[in-house]
file target29.cif (mmCIF, C-alpha atoms and all ligand atoms)
data_my_file
loop_
_atom_site.label_atom_id
_atom_site.label_comp_id
_atom_site.auth_asym_id
_atom_site.auth_seq_id
_atom_site.Cartn_x
_atom_site.Cartn_y
_atom_site.Cartn_z
CA MET A 1 -45.34 71.11 16.18
CA SER A 2 -49.10 71.01 16.01
CA SER A 3 -51.60 68.98 17.97
CA PHE A 4 -54.57 66.95 16.80
CA ILE A 5 -57.64 65.26 18.17
CA PHE A 6 -59.14 62.43 16.14
CA ARG A 7 -62.76 62.14 17.28
CA ASN A 8 -65.21 59.27 16.78
CA ALA A 9 -62.62 56.79 15.61
CA ARG A 10 -63.01 53.04 15.58
CA VAL A 11 -59.70 52.55 17.33
CA ILE A 12 -58.05 49.25 16.42
CA ASP A 13 -54.85 48.60 18.34
CA PRO A 14 -53.86 44.91 18.09
CA VAL A 15 -51.00 45.03 20.62
CA ARG A 16 -53.31 46.38 23.32
CA LYS A 17 -56.24 44.29 22.05
CA ILE A 18 -58.42 47.35 21.56
CA ASP A 19 -61.29 47.59 19.07
CA SER A 20 -63.61 50.32 20.30
CA ARG A 21 -65.04 53.77 19.62
CA GLY A 22 -62.94 56.57 20.97
CA ASP A 23 -60.79 59.65 20.52
CA VAL A 24 -57.04 59.73 19.99
CA GLY A 25 -54.84 62.76 20.58
CA VAL A 26 -51.50 63.80 19.13
CA ILE A 27 -49.16 66.27 20.84
CA ASP A 28 -45.75 67.21 19.42
CA GLY A 29 -45.53 64.19 17.15
CA ARG A 30 -46.55 61.71 19.82
CA ILE A 31 -49.74 59.91 20.70
CA ALA A 32 -51.54 61.44 23.69
CA GLU A 33 -54.79 61.16 25.59
CA ALA A 34 -57.35 63.19 23.65
CA SER A 35 -58.32 64.93 26.91
CA GLU A 36 -54.80 66.32 27.24
CA VAL A 37 -54.76 68.08 23.88
CA ARG A 38 -55.23 71.85 24.24
CA GLY A 39 -56.48 73.68 21.18
CA GLY A 40 -55.35 71.23 18.53
CA GLU A 41 -56.92 70.58 15.14
CA VAL A 42 -60.05 68.44 15.56
CA ILE A 43 -60.65 65.78 12.92
CA ASP A 44 -63.96 63.91 13.14
CA LEU A 45 -63.54 60.40 11.75
CA GLY A 46 -67.21 59.47 11.87
CA GLY A 47 -66.47 55.87 12.80
CA LYS A 48 -63.63 55.27 10.35
CA VAL A 49 -60.81 53.06 11.59
CA LEU A 50 -57.73 54.55 13.23
CA SER A 51 -54.84 52.14 13.77
CA PRO A 52 -51.08 52.17 14.25
CA GLY A 53 -49.36 53.06 10.97
CA PHE A 54 -48.85 50.16 8.56
CA ILE A 55 -45.35 48.72 8.15
CA ASP A 56 -44.35 47.13 4.85
CA LEU A 57 -41.47 44.72 5.37
CA HIS A 58 -40.75 44.40 1.67
CA VAL A 59 -40.45 47.38 -0.69
CA HIS A 60 -38.16 48.09 -3.65
CA LEU A 61 -37.58 51.85 -3.90
CA ARG A 62 -35.15 51.49 -6.85
CA GLN A 63 -33.05 54.50 -5.90
CA PRO A 64 -30.17 54.58 -6.68
CA GLY A 65 -30.08 52.96 -10.08
CA ASN A 66 -33.55 53.05 -11.59
CA ASN A 67 -35.21 56.36 -10.77
CA MET A 68 -37.44 55.98 -13.84
CA ALA A 69 -39.15 53.03 -12.15
CA GLU A 70 -39.25 54.57 -8.65
CA THR A 71 -37.50 57.01 -6.37
CA ILE A 72 -37.43 57.40 -2.62
CA ALA A 73 -39.84 60.34 -3.11
CA SER A 74 -42.32 58.55 -5.39
CA GLY A 75 -42.13 55.20 -3.59
CA THR A 76 -42.75 56.72 -0.17
CA ALA A 77 -45.61 58.85 -1.58
CA ALA A 78 -47.13 55.59 -2.85
CA ALA A 79 -46.58 54.08 0.61
CA ALA A 80 -48.37 56.99 2.30
CA ALA A 81 -51.29 56.62 -0.12
CA GLY A 82 -51.46 52.95 0.84
CA GLY A 83 -51.54 53.72 4.58
CA PHE A 84 -47.93 52.70 5.24
CA THR A 85 -45.92 54.84 7.64
CA SER A 86 -42.74 52.73 7.46
CA VAL A 87 -41.24 50.72 4.62
CA VAL A 88 -38.26 48.39 4.72
CA ALA A 89 -36.18 49.30 1.66
CA MET A 90 -34.74 46.25 -0.09
CA PRO A 91 -31.03 46.55 -0.90
CA ASN A 92 -31.06 45.25 -4.51
CA THR A 93 -30.52 48.75 -5.88
CA ASN A 94 -27.75 49.73 -8.28
CA PRO A 95 -25.27 49.92 -6.68
CA PRO A 96 -26.59 47.55 -4.03
CA ALA A 97 -26.90 48.64 -0.40
CA ASP A 98 -24.04 46.47 0.80
CA THR A 99 -21.87 49.13 2.48
CA ALA A 100 -22.25 51.79 5.17
CA GLY A 101 -21.85 54.43 2.43
CA ALA A 102 -24.84 53.09 0.49
CA ILE A 103 -26.95 53.07 3.66
CA GLU A 104 -25.80 56.63 4.39
CA PHE A 105 -26.95 57.67 0.89
CA LEU A 106 -30.35 56.08 1.53
CA ARG A 107 -30.72 57.76 4.90
CA GLN A 108 -29.65 61.19 3.66
CA THR A 109 -31.90 61.02 0.59
CA ALA A 110 -34.80 59.77 2.70
CA ALA A 111 -34.29 62.64 5.16
CA LYS A 112 -34.76 65.06 2.26
CA LYS A 113 -37.29 63.27 0.04
CA ALA A 114 -39.22 60.59 1.91
CA VAL A 115 -42.69 61.22 3.31
CA VAL A 116 -42.76 58.01 5.36
CA ARG A 117 -40.05 56.29 7.38
CA VAL A 118 -37.53 54.42 5.26
CA LEU A 119 -36.04 51.56 7.25
CA PRO A 120 -32.82 50.51 5.52
CA CYS A 121 -32.07 46.87 4.88
CA GLY A 122 -28.51 45.86 4.04
CA CYS A 123 -27.24 43.06 1.82
CA MET A 124 -26.12 39.81 3.43
CA THR A 125 -23.37 39.41 0.82
CA LYS A 126 -21.21 41.82 -1.18
CA GLY A 127 -23.11 42.90 -4.28
CA TYR A 128 -25.78 40.38 -3.16
CA ALA A 129 -23.70 37.99 -5.22
CA GLY A 130 -23.94 35.22 -2.63
CA GLU A 131 -20.19 34.68 -2.51
CA GLU A 132 -18.68 36.78 0.26
CA MET A 133 -20.28 38.14 3.41
CA ALA A 134 -20.97 41.89 3.46
CA GLY A 135 -19.57 44.04 6.28
CA ILE A 136 -22.45 43.32 8.62
CA GLY A 137 -21.01 45.21 11.59
CA SER A 138 -20.61 48.42 9.59
CA LEU A 139 -24.07 47.99 8.04
CA LYS A 140 -25.48 47.75 11.56
CA ALA A 141 -23.54 50.83 12.65
CA ALA A 142 -24.94 52.67 9.61
CA GLY A 143 -28.47 51.93 10.76
CA VAL A 144 -29.86 48.91 8.93
CA VAL A 145 -32.84 47.21 10.59
CA ALA A 146 -32.42 43.88 8.80
CA LEU A 147 -30.37 41.93 6.26
CA SER A 148 -31.50 40.48 2.94
CA ASP A 149 -30.17 39.44 -0.46
CA ASP A 150 -33.70 39.75 -1.87
CA GLY A 151 -33.98 39.08 -5.56
CA ARG A 152 -31.47 36.32 -4.97
CA CYS A 153 -30.89 33.62 -2.39
CA ILE A 154 -27.55 32.53 -0.94
CA GLN A 155 -27.04 29.04 -2.36
CA ASP A 156 -23.97 28.16 -0.31
CA HIS A 157 -25.35 26.79 2.96
CA ALA A 158 -22.07 27.27 4.86
CA LEU A 159 -21.99 30.94 3.86
CA MET A 160 -25.63 31.31 4.88
CA ARG A 161 -24.81 29.75 8.23
CA HIS A 162 -22.06 32.31 8.81
CA VAL A 163 -24.38 35.15 7.85
CA VAL A 164 -26.99 33.92 10.32
CA GLU A 165 -24.34 33.74 13.05
CA TYR A 166 -23.23 37.31 12.34
CA ALA A 167 -26.83 38.50 12.12
CA LYS A 168 -27.42 37.02 15.55
CA SER A 169 -24.40 38.72 17.08
CA PHE A 170 -25.49 42.08 15.63
CA ASN A 171 -29.15 41.53 16.57
CA LEU A 172 -30.39 41.85 12.97
CA PRO A 173 -33.28 39.79 11.61
CA ILE A 174 -32.72 38.10 8.26
CA LEU A 175 -35.36 38.54 5.56
CA ASP A 176 -34.71 35.77 3.06
CA HIS A 177 -35.82 35.26 -0.52
CA CYS A 178 -36.05 31.46 -0.47
CA GLU A 179 -35.20 29.99 -3.86
CA ASP A 180 -32.99 27.14 -4.95
CA LYS A 181 -31.37 28.37 -8.15
CA CYS A 182 -30.98 24.99 -9.80
CA LEU A 183 -34.63 24.05 -9.36
CA ALA A 184 -35.83 27.47 -10.50
CA ALA A 185 -33.45 27.86 -13.43
CA GLY A 186 -34.96 29.15 -16.64
CA GLY A 187 -38.50 29.32 -15.28
CA VAL A 188 -40.83 32.24 -15.91
CA MET A 189 -44.00 30.99 -14.17
CA HIS A 190 -45.14 28.33 -11.70
CA GLU A 191 -44.37 24.76 -12.76
CA GLY A 192 -47.72 23.00 -12.98
CA LYS A 193 -50.71 22.33 -15.19
CA TRP A 194 -50.73 25.84 -16.65
CA SER A 195 -47.04 25.93 -17.51
CA VAL A 196 -47.54 22.67 -19.40
CA LEU A 197 -50.66 23.94 -21.19
CA LEU A 198 -49.04 27.24 -22.10
CA GLY A 199 -45.72 25.63 -23.00
CA MET A 200 -43.71 27.87 -20.73
CA ASN A 201 -40.76 27.06 -18.48
CA GLY A 202 -41.80 26.43 -14.90
CA ILE A 203 -40.36 27.34 -11.51
CA SER A 204 -40.90 24.39 -9.22
CA GLY A 205 -42.52 24.99 -5.85
CA ALA A 206 -39.76 22.77 -4.49
CA SER A 207 -37.22 25.53 -5.16
CA GLU A 208 -38.89 27.56 -2.39
CA GLU A 209 -39.67 24.62 -0.13
CA LEU A 210 -36.05 23.47 -0.15
CA MET A 211 -34.62 26.81 0.98
CA ILE A 212 -37.32 27.28 3.61
CA ALA A 213 -36.34 23.88 5.02
CA ARG A 214 -32.67 24.94 4.93
CA ASN A 215 -33.47 28.16 6.77
CA ILE A 216 -35.53 26.36 9.41
CA ILE A 217 -32.57 24.07 10.08
CA LEU A 218 -30.18 27.04 10.41
CA ALA A 219 -32.60 29.02 12.60
CA ARG A 220 -32.88 26.02 14.92
CA GLN A 221 -29.17 25.28 14.96
CA ILE A 222 -28.06 28.87 15.51
CA GLY A 223 -31.08 30.00 17.49
CA TRP A 224 -31.69 33.09 15.40
CA LYS A 225 -34.59 34.70 13.57
CA ILE A 226 -35.04 33.99 9.88
CA HIS A 227 -38.01 35.54 8.13
CA MET A 228 -39.21 33.98 4.88
CA GLN A 229 -40.14 36.56 2.27
CA HIS A 230 -43.07 36.16 -0.11
CA VAL A 231 -44.07 32.62 0.90
CA SER A 232 -45.99 31.12 -2.03
CA VAL A 233 -46.41 27.34 -1.83
CA LYS A 234 -48.42 24.99 0.31
CA GLU A 235 -45.42 22.94 1.42
CA SER A 236 -43.65 26.08 2.68
CA VAL A 237 -46.65 26.95 4.84
CA GLU A 238 -46.63 23.43 6.30
CA LEU A 239 -42.90 23.61 7.06
CA LEU A 240 -43.31 26.97 8.76
CA ARG A 241 -46.32 25.81 10.77
CA ASN A 242 -44.42 22.80 12.12
CA ALA A 243 -41.25 24.74 12.84
CA ARG A 244 -43.13 27.46 14.71
CA ALA A 245 -45.00 24.87 16.75
CA LYS A 246 -41.58 23.62 17.89
CA GLY A 247 -40.53 27.14 18.88
CA ILE A 248 -37.98 27.65 16.10
CA PRO A 249 -37.67 31.44 15.50
CA VAL A 250 -38.94 31.53 11.92
CA THR A 251 -41.63 33.75 10.43
CA GLY A 252 -43.23 34.27 7.05
CA GLU A 253 -44.94 36.96 5.01
CA ALA A 254 -47.61 36.67 2.32
CA THR A 255 -48.15 39.16 -0.48
CA PRO A 256 -51.61 40.38 -1.51
CA HIS A 257 -51.03 38.96 -5.01
CA HIS A 258 -50.19 35.45 -3.85
CA LEU A 259 -53.32 35.54 -1.68
CA THR A 260 -55.59 36.50 -4.58
CA LEU A 261 -54.18 35.36 -7.94
CA THR A 262 -53.06 32.05 -9.44
CA ASP A 263 -50.95 30.74 -12.31
CA GLU A 264 -54.07 30.56 -14.48
CA CYS A 265 -53.72 34.35 -14.92
CA ILE A 266 -50.64 33.73 -17.06
CA LYS A 267 -52.87 32.61 -19.94
CA LYS A 268 -53.37 36.33 -20.64
CA TYR A 269 -49.62 36.59 -21.31
CA ASP A 270 -49.74 39.90 -19.42
CA THR A 271 -46.36 40.64 -17.86
CA ASN A 272 -48.12 42.36 -14.94
CA TYR A 273 -48.70 38.81 -13.68
CA LYS A 274 -45.01 37.98 -13.83
CA MET A 275 -43.22 38.07 -10.51
CA ASN A 276 -40.91 35.99 -8.36
CA PRO A 277 -41.96 33.79 -6.70
CA PRO A 278 -44.54 33.23 -9.43
CA LEU A 279 -48.30 33.06 -8.94
CA ARG A 280 -48.90 29.49 -7.81
CA SER A 281 -51.78 27.01 -8.02
CA GLU A 282 -55.19 27.46 -6.44
CA GLU A 283 -54.24 24.80 -3.87
CA ASP A 284 -51.18 26.84 -2.90
CA ARG A 285 -53.22 30.03 -2.70
CA LEU A 286 -55.73 28.38 -0.36
CA ALA A 287 -52.92 26.99 1.81
CA LEU A 288 -51.46 30.48 2.10
CA ILE A 289 -54.84 31.85 3.20
CA ALA A 290 -55.12 29.03 5.75
CA GLY A 291 -51.64 29.96 6.99
CA VAL A 292 -52.73 33.55 7.49
CA ALA A 293 -55.90 32.45 9.26
CA ASP A 294 -54.12 30.15 11.74
CA GLY A 295 -51.23 32.50 12.52
CA THR A 296 -48.49 30.65 10.62
CA ILE A 297 -48.03 33.75 8.45
CA THR A 298 -47.83 36.86 10.63
CA ALA A 299 -47.34 39.68 8.14
CA ILE A 300 -48.64 40.91 4.83
CA ALA A 301 -45.87 42.52 2.78
CA THR A 302 -46.28 43.95 -0.70
CA ASP A 303 -42.95 43.14 -2.41
CA HIS A 304 -43.61 46.42 -4.24
CA ALA A 305 -41.34 45.88 -7.26
CA PRO A 306 -41.63 48.76 -9.74
CA HIS A 307 -40.55 48.30 -13.35
CA THR A 308 -40.98 50.79 -16.19
CA MET A 309 -43.55 50.26 -18.93
CA THR A 310 -40.77 49.75 -21.48
CA ALA A 311 -39.13 47.08 -19.36
CA LYS A 312 -42.45 45.22 -18.96
CA MET A 313 -43.76 45.68 -22.53
CA VAL A 314 -41.84 42.76 -24.00
CA GLU A 315 -42.52 39.06 -24.56
CA PHE A 316 -43.38 37.26 -21.31
CA ASP A 317 -40.08 35.37 -21.26
CA TYR A 318 -38.02 38.55 -21.40
CA ALA A 319 -39.95 40.73 -18.95
CA PRO A 320 -38.46 41.39 -15.51
CA PHE A 321 -40.10 39.76 -12.49
CA GLY A 322 -42.09 42.00 -10.16
CA ILE A 323 -45.24 44.04 -9.64
CA ILE A 324 -46.09 47.11 -7.56
CA GLY A 325 -48.34 46.78 -4.53
CA LEU A 326 -48.21 49.65 -2.04
CA GLU A 327 -51.36 51.37 -3.27
CA THR A 328 -53.52 48.24 -3.54
CA ALA A 329 -52.39 46.11 -0.58
CA LEU A 330 -55.10 47.19 1.87
CA PRO A 331 -58.20 46.85 -0.35
CA VAL A 332 -56.98 43.68 -2.07
CA SER A 333 -56.19 41.99 1.26
CA TYR A 334 -59.43 43.24 2.79
CA GLY A 335 -61.45 41.80 -0.08
CA GLU A 336 -59.87 38.37 0.12
CA LEU A 337 -59.53 38.01 3.87
CA VAL A 338 -62.06 40.18 5.70
CA ALA A 339 -64.93 40.53 3.19
CA LYS A 340 -64.88 36.75 2.67
CA GLY A 341 -64.95 36.14 6.42
CA VAL A 342 -61.55 34.44 6.72
CA ILE A 343 -60.23 36.82 9.40
CA SER A 344 -61.54 39.77 11.40
CA LEU A 345 -60.68 43.38 10.67
CA PRO A 346 -58.48 43.70 13.80
CA LYS A 347 -56.56 40.63 12.61
CA LEU A 348 -55.99 42.28 9.22
CA VAL A 349 -54.69 45.38 10.99
CA GLU A 350 -52.35 43.15 12.99
CA LEU A 351 -50.92 41.68 9.77
CA PHE A 352 -50.04 45.22 8.65
CA THR A 353 -48.78 46.51 12.04
CA ALA A 354 -47.91 44.40 15.09
CA GLY A 355 -47.02 41.39 12.89
CA PRO A 356 -44.29 43.11 10.85
CA ALA A 357 -43.17 45.16 13.90
CA ASP A 358 -42.58 41.95 15.80
CA ILE A 359 -40.55 40.45 12.94
CA LEU A 360 -38.30 43.52 13.05
CA GLY A 361 -37.98 43.19 16.82
CA PHE A 362 -39.81 46.45 17.62
CA ASP A 363 -41.59 46.34 20.91
CA ASP A 364 -44.89 47.97 21.82
CA TYR A 365 -45.92 48.98 18.31
CA SER A 366 -49.17 50.33 19.68
CA LEU A 367 -51.25 53.46 20.15
CA ALA A 368 -50.02 53.86 23.74
CA PRO A 369 -49.61 57.52 24.73
CA GLY A 370 -46.02 58.62 24.27
CA ASN A 371 -45.38 56.48 21.21
CA PRO A 372 -44.56 58.27 17.92
CA ALA A 373 -47.76 59.37 16.17
CA ASP A 374 -47.51 57.03 13.18
CA LEU A 375 -51.18 56.48 12.35
CA THR A 376 -53.34 55.11 9.56
CA VAL A 377 -56.98 56.05 9.08
CA PHE A 378 -59.03 53.98 6.67
CA ASP A 379 -62.63 53.44 5.71
CA PRO A 380 -63.55 49.74 5.44
CA GLU A 381 -66.87 50.68 3.82
CA ALA A 382 -65.51 52.85 1.00
CA LYS A 383 -65.88 51.22 -2.43
CA TYR A 384 -63.91 52.36 -5.46
CA THR A 385 -62.27 51.23 -8.68
CA VAL A 386 -58.48 50.87 -8.77
CA ASP A 387 -57.09 53.29 -11.35
CA LYS A 388 -53.37 52.90 -11.90
CA GLU A 389 -53.20 56.34 -13.50
CA GLN A 390 -53.93 57.80 -10.06
CA PHE A 391 -50.97 56.04 -8.42
CA LYS A 392 -48.25 58.08 -6.75
CA SER A 393 -45.73 55.41 -7.75
CA ASN A 394 -43.62 56.16 -10.83
CA SER A 395 -44.58 52.71 -12.14
CA ARG A 396 -47.82 51.17 -13.35
CA ASN A 397 -47.03 47.44 -13.34
CA THR A 398 -50.06 46.21 -11.42
CA PRO A 399 -52.44 43.32 -12.12
CA PHE A 400 -55.15 45.05 -10.05
CA ASP A 401 -55.99 47.95 -12.38
CA GLY A 402 -59.76 48.21 -12.84
CA TRP A 403 -60.57 46.03 -9.81
CA GLU A 404 -63.71 46.99 -7.91
CA VAL A 405 -62.47 47.13 -4.33
CA GLN A 406 -63.51 48.09 -0.85
CA CYS A 407 -61.50 49.61 2.05
CA LYS A 408 -59.71 52.86 1.41
CA THR A 409 -56.84 54.71 3.08
CA MET A 410 -58.16 58.09 4.21
CA LEU A 411 -55.28 59.62 6.14
CA THR A 412 -51.69 58.73 6.93
CA MET A 413 -49.72 60.44 9.68
CA VAL A 414 -46.00 60.01 10.32
CA GLY A 415 -44.50 61.42 13.51
CA GLY A 416 -47.46 63.74 13.95
CA LYS A 417 -47.34 65.05 10.36
CA ILE A 418 -50.16 64.34 7.90
CA VAL A 419 -48.51 62.90 4.79
CA TYR A 420 -51.67 61.73 2.98
CA ASN A 421 -55.20 63.04 3.36
CA GLU A 422 -58.36 61.95 1.55
CA LEU A 423 -60.78 62.92 4.31
N1 LIG A 501 -40.40 40.00 -6.66
C1 LIG A 501 -39.95 40.21 -7.86
O1 LIG A 501 -40.47 39.61 -8.79
N2 LIG A 501 -38.94 41.06 -8.11
C2 LIG A 501 -38.16 41.78 -7.15
C3 LIG A 501 -37.14 40.92 -6.49
C4 LIG A 501 -37.68 39.98 -5.46
O2 LIG A 501 -38.49 40.37 -4.59
O3 LIG A 501 -37.28 38.81 -5.43
C5 LIG A 501 -37.51 42.95 -7.86
O4 LIG A 501 -36.58 43.54 -7.31
O5 LIG A 501 -37.97 43.32 -8.95
ZN ZN A 502 -37.66 38.16 -3.46
ZN ZN A 503 -38.62 41.75 -3.27
#

call {"tool": "encode", "arguments": {"input": "target29.cif", "output": "structure tokens"}}
result
Amino acid sequence: MSSFIFRNARVIDPVRKIDSRGDVGVIDGRIAEASEVRGGEVIDLGGKVLSPGFIDLHVHLRQPGNNMAETIASGTAAAAAGGFTSVVAMPNTNPPADTAGAIEFLRQTAAKKAVVRVLPCGCMTKGYAGEEMAGIGSLKAAGVVALSDDGRCIQDHALMRHVVEYAKSFNLPILDHCEDKCLAAGGVMHEGKWSVLLGMNGISGASEELMIARNIILARQIGWKIHMQHVSVKESVELLRNARAKGIPVTGEATPHHLTLTDECIKKYDTNYKMNPPLRSEEDRLALIAGVADGTITAIATDHAPHTMTAKMVEFDYAPFGIIGLETALPVSYGELVAKGVISLPKLVELFTAGPADILGFDDYSLAPGNPADLTVFDPEAKYTVDKEQFKSNSRNTPFDGWEVQCKTMLTMVGGKIVYNEL
């Protein structure tokens, strides 16, 4: 395997609290002191940022079941283009990833087709139907890194309690889609001023708040980690903030779209603004940003949810929920959080690296010599226009097409192999 020296990097390594000019070496797929590399390829970064590879906790790869929308090959190519070196693959495929066999399929296909690491996530319940617990022990043995029924939420609190107990005994974090079905029923957008004005059925913020409260209670009672996916409302942020202050092991992620867009966008009736949870009010959006700024929210995750053009090109009510995000996450988050002075650049890097690594229970996700050479190089100064036709994803369902953005992925390296290069 080849060696590399990255010269003149702005090295940002949140775990080791480093933000300084320097060189980073890679020998045989691992990070090394640059001075120890003999005769490797020299790449001058001219001050561009080099950081640990980004981890996306929340990605829908759609294979098996909907290869038109995405495959493991196309989804991981999109991830590489976005600077992600690892993605957690949500199990709501068809068939769902609720057995060791399904996880084995994912792992074997990823070994052949993926360009970044695919971290399998298994269902909490059989068929993610929320009725019967999945075989959590065999999912663990097959290599899942977490459990989730994403797309749906277990409504039966006693069942959820048992799942959390099993997850604890198998040392698996739970990534939960928090949504009370009764309160959300029939809704297609956020319940608020705009749903009234547009005459559309709303999804109450309380549907999320209620299940976040439920999960906080279970995390406290059982003493186990529950991570709240795609947190979207103000009240959820407040609940999380208070619970974390008390030491309850709960965490939350924010998506780039919930940080930047609101329910007002729905007036365009464009189904690329339809996702679950829905775009919320401006007040909710600002609360989410405040939660990121004060450390209540410790990860940015895309909830990359590809859908084909034909699936999305229908009346708003009938379109599936979900938008893609892997190839826009970095610039969109940079624009809202760093360019506007809400957080520093190292903090943004943390939200894409050490934050998600910690939620998964990985330790030392840093640029320490000896660690796997999973690296992201990006240029915070580079300005460009988002063009969905250039995406590596099989899908085009993005609300960010045509956005003038700043901060571009320049190179992605996984285990010492360059999988994306724009330098
Ligand atoms: N976010 C979405 O709107 N859709 C996701 C499911 C989910 O993340 O809940 C999907 O699988 O399409
Ligand atoms: Zn979800
Ligand atoms: Zn999802």

call {"tool": "atom_distance", "arguments": {"input": "target29.cif", "atom1": "atom CA of A:Val386", "atom2": "atom CA of A:Asp401"}}
result
5.3 Å

call {"tool": "residues_around", "arguments": {"input": "target29.cif", "residues": "stretch 101-116 of chain A", "least_positions_apart": "5", "cutoff": "8 Å", "atoms": "all atoms listed in the file", "output": "number ranges by chain"}}
result
A: 72-73, 76-77, 79-80, 84-87, 95-96, 122, 139, 142-144, 414, 419

call {"tool": "write_last_selection", "arguments": {"input": "target29.cif", "atoms": "C-alpha atoms", "output": "compact mmCIF listing (two decimals), in the coordinates of the input"}}
result
# COMPACT_ATOMS: atom_id res chain seq x y z
CA ILE A 72 -37.43 57.40 -2.62
CA ALA A 73 -39.84 60.34 -3.11
CA THR A 76 -42.75 56.72 -0.17
CA ALA A 77 -45.61 58.85 -1.58
CA ALA A 79 -46.58 54.08 0.61
CA ALA A 80 -48.37 56.99 2.30
CA PHE A 84 -47.93 52.70 5.24
CA THR A 85 -45.92 54.84 7.64
CA SER A 86 -42.74 52.73 7.46
CA VAL A 87 -41.24 50.72 4.62
CA PRO A 95 -25.27 49.92 -6.68
CA PRO A 96 -26.59 47.55 -4.03
CA GLY A 122 -28.51 45.86 4.04
CA LEU A 139 -24.07 47.99 8.04
CA ALA A 142 -24.94 52.67 9.61
CA GLY A 143 -28.47 51.93 10.76
CA VAL A 144 -29.86 48.91 8.93
CA VAL A 414 -46.00 60.01 10.32
CA VAL A 419 -48.51 62.90 4.79

call {"tool": "closest_atom_pairs", "arguments": {"input": "target29.cif", "of": "stretch 102-160 of chain A", "to": "stretch 357-367 of chain A", "cutoff": "12 Å", "atoms": "all atoms listed in the file", "output": "CSV"}}
result
residue,atom,partner,partner_atom,distance
A:Leu119,CA,A:Leu360,CA,10.2
A:Pro120,CA,A:Leu360,CA,11.6
A:Cys121,CA,A:Leu360,CA,10.8
A:Val144,CA,A:Leu360,CA,10.8
A:Val145,CA,A:Leu360,CA,7.0
A:Ala146,CA,A:Leu360,CA,7.3
A:Leu147,CA,A:Leu360,CA,10.6

call {"tool": "axis_aligned_box", "arguments": {"input": "target29.cif", "around": "ligand LIG 501 (chain A)", "padding_each_side": "4 Å", "output": "AutoDock Vina command-line options"}}
result
--center_x -38.5 --center_y 41.2 --center_z -6.8 --size_x 11.9 --size_y 12.7 --size_z 12.4

call {"tool": "residues_near_ligand", "arguments": {"input": "target29.cif", "ligand": "ligand ZN 503 (chain A)", "cutoff": "8 Å", "atoms": "all atoms listed in the file", "output": "list in words"}}
result
His58, Val59, His60, Met90, Asp150, Gly151, His177, Gln229, His230, Asp303, His304, Ala305 and Gly322 of chain A

call {"tool": "write_last_selection", "arguments": {"input": "target29.cif", "atoms": "C-alpha atoms", "output": "CSV table (one decimal), in the coordinates of the input"}}
result
chain,number,residue,atom,x,y,z
A,58,HIS,CA,-40.8,44.4,1.7
A,59,VAL,CA,-40.4,47.4,-0.7
A,60,HIS,CA,-38.2,48.1,-3.6
A,90,MET,CA,-34.7,46.2,-0.1
A,150,ASP,CA,-33.7,39.8,-1.9
A,151,GLY,CA,-34.0,39.1,-5.6
A,177,HIS,CA,-35.8,35.3,-0.5
A,229,GLN,CA,-40.1,36.6,2.3
A,230,HIS,CA,-43.1,36.2,-0.1
A,303,ASP,CA,-43.0,43.1,-2.4
A,304,HIS,CA,-43.6,46.4,-4.2
A,305,ALA,CA,-41.3,45.9,-7.3
A,322,GLY,CA,-42.1,42.0,-10.2

call {"tool": "closest_residue", "arguments": {"input": "target29.cif", "among": "A:Gly47, A:Pro277, A:Gly199, A:Pro173", "to": "ligand ZN 502 (chain A)", "atoms": "only C-alpha atoms and all ligand atoms"}}
result
A:Pro277

call {"tool": "residues_around", "arguments": {"input": "target29.cif", "residues": "A:Glu191", "least_positions_apart": "6", "cutoff": "12 Å", "atoms": "only C-alpha atoms", "output": "VMD selection string"}}
result
chain A and resid 183 to 185 197 to 207 233 262 to 264 266 277 to 281

call {"tool": "write_last_selection", "arguments": {"input": "target29.cif", "atoms": "C-alpha atoms", "output": "CSV table (one decimal), keeping the file's coordinate frame"}}
result
chain,number,residue,atom,x,y,z
A,183,LEU,CA,-34.6,24.0,-9.4
A,184,ALA,CA,-35.8,27.5,-10.5
A,185,ALA,CA,-33.4,27.9,-13.4
A,197,LEU,CA,-50.7,23.9,-21.2
A,198,LEU,CA,-49.0,27.2,-22.1
A,199,GLY,CA,-45.7,25.6,-23.0
A,200,MET,CA,-43.7,27.9,-20.7
A,201,ASN,CA,-40.8,27.1,-18.5
A,202,GLY,CA,-41.8,26.4,-14.9
A,203,ILE,CA,-40.4,27.3,-11.5
A,204,SER,CA,-40.9,24.4,-9.2
A,205,GLY,CA,-42.5,25.0,-5.8
A,206,ALA,CA,-39.8,22.8,-4.5
A,207,SER,CA,-37.2,25.5,-5.2
A,233,VAL,CA,-46.4,27.3,-1.8
A,262,THR,CA,-53.1,32.0,-9.4
A,263,ASP,CA,-51.0,30.7,-12.3
A,264,GLU,CA,-54.1,30.6,-14.5
A,266,ILE,CA,-50.6,33.7,-17.1
A,277,PRO,CA,-42.0,33.8,-6.7
A,278,PRO,CA,-44.5,33.2,-9.4
A,279,LEU,CA,-48.3,33.1,-8.9
A,280,ARG,CA,-48.9,29.5,-7.8
A,281,SER,CA,-51.8,27.0,-8.0

call {"tool": "residues_near_point", "arguments": {"input": "target29.cif", "point": "(-52.9, 43.5, -1.2)", "cutoff": "7 Å", "atoms": "only C-alpha atoms", "output": "CSV table (one decimal) with C-alpha atoms, in the frame of the given file"}}
result
chain,number,residue,atom,x,y,z
A,255,THR,CA,-48.2,39.2,-0.5
A,256,PRO,CA,-51.6,40.4,-1.5
A,257,HIS,CA,-51.0,39.0,-5.0
A,302,THR,CA,-46.3,44.0,-0.7
A,325,GLY,CA,-48.3,46.8,-4.5
A,328,THR,CA,-53.5,48.2,-3.5
A,329,ALA,CA,-52.4,46.1,-0.6
A,330,LEU,CA,-55.1,47.2,1.9
A,331,PRO,CA,-58.2,46.8,-0.4
A,332,VAL,CA,-57.0,43.7,-2.1
A,333,SER,CA,-56.2,42.0,1.3
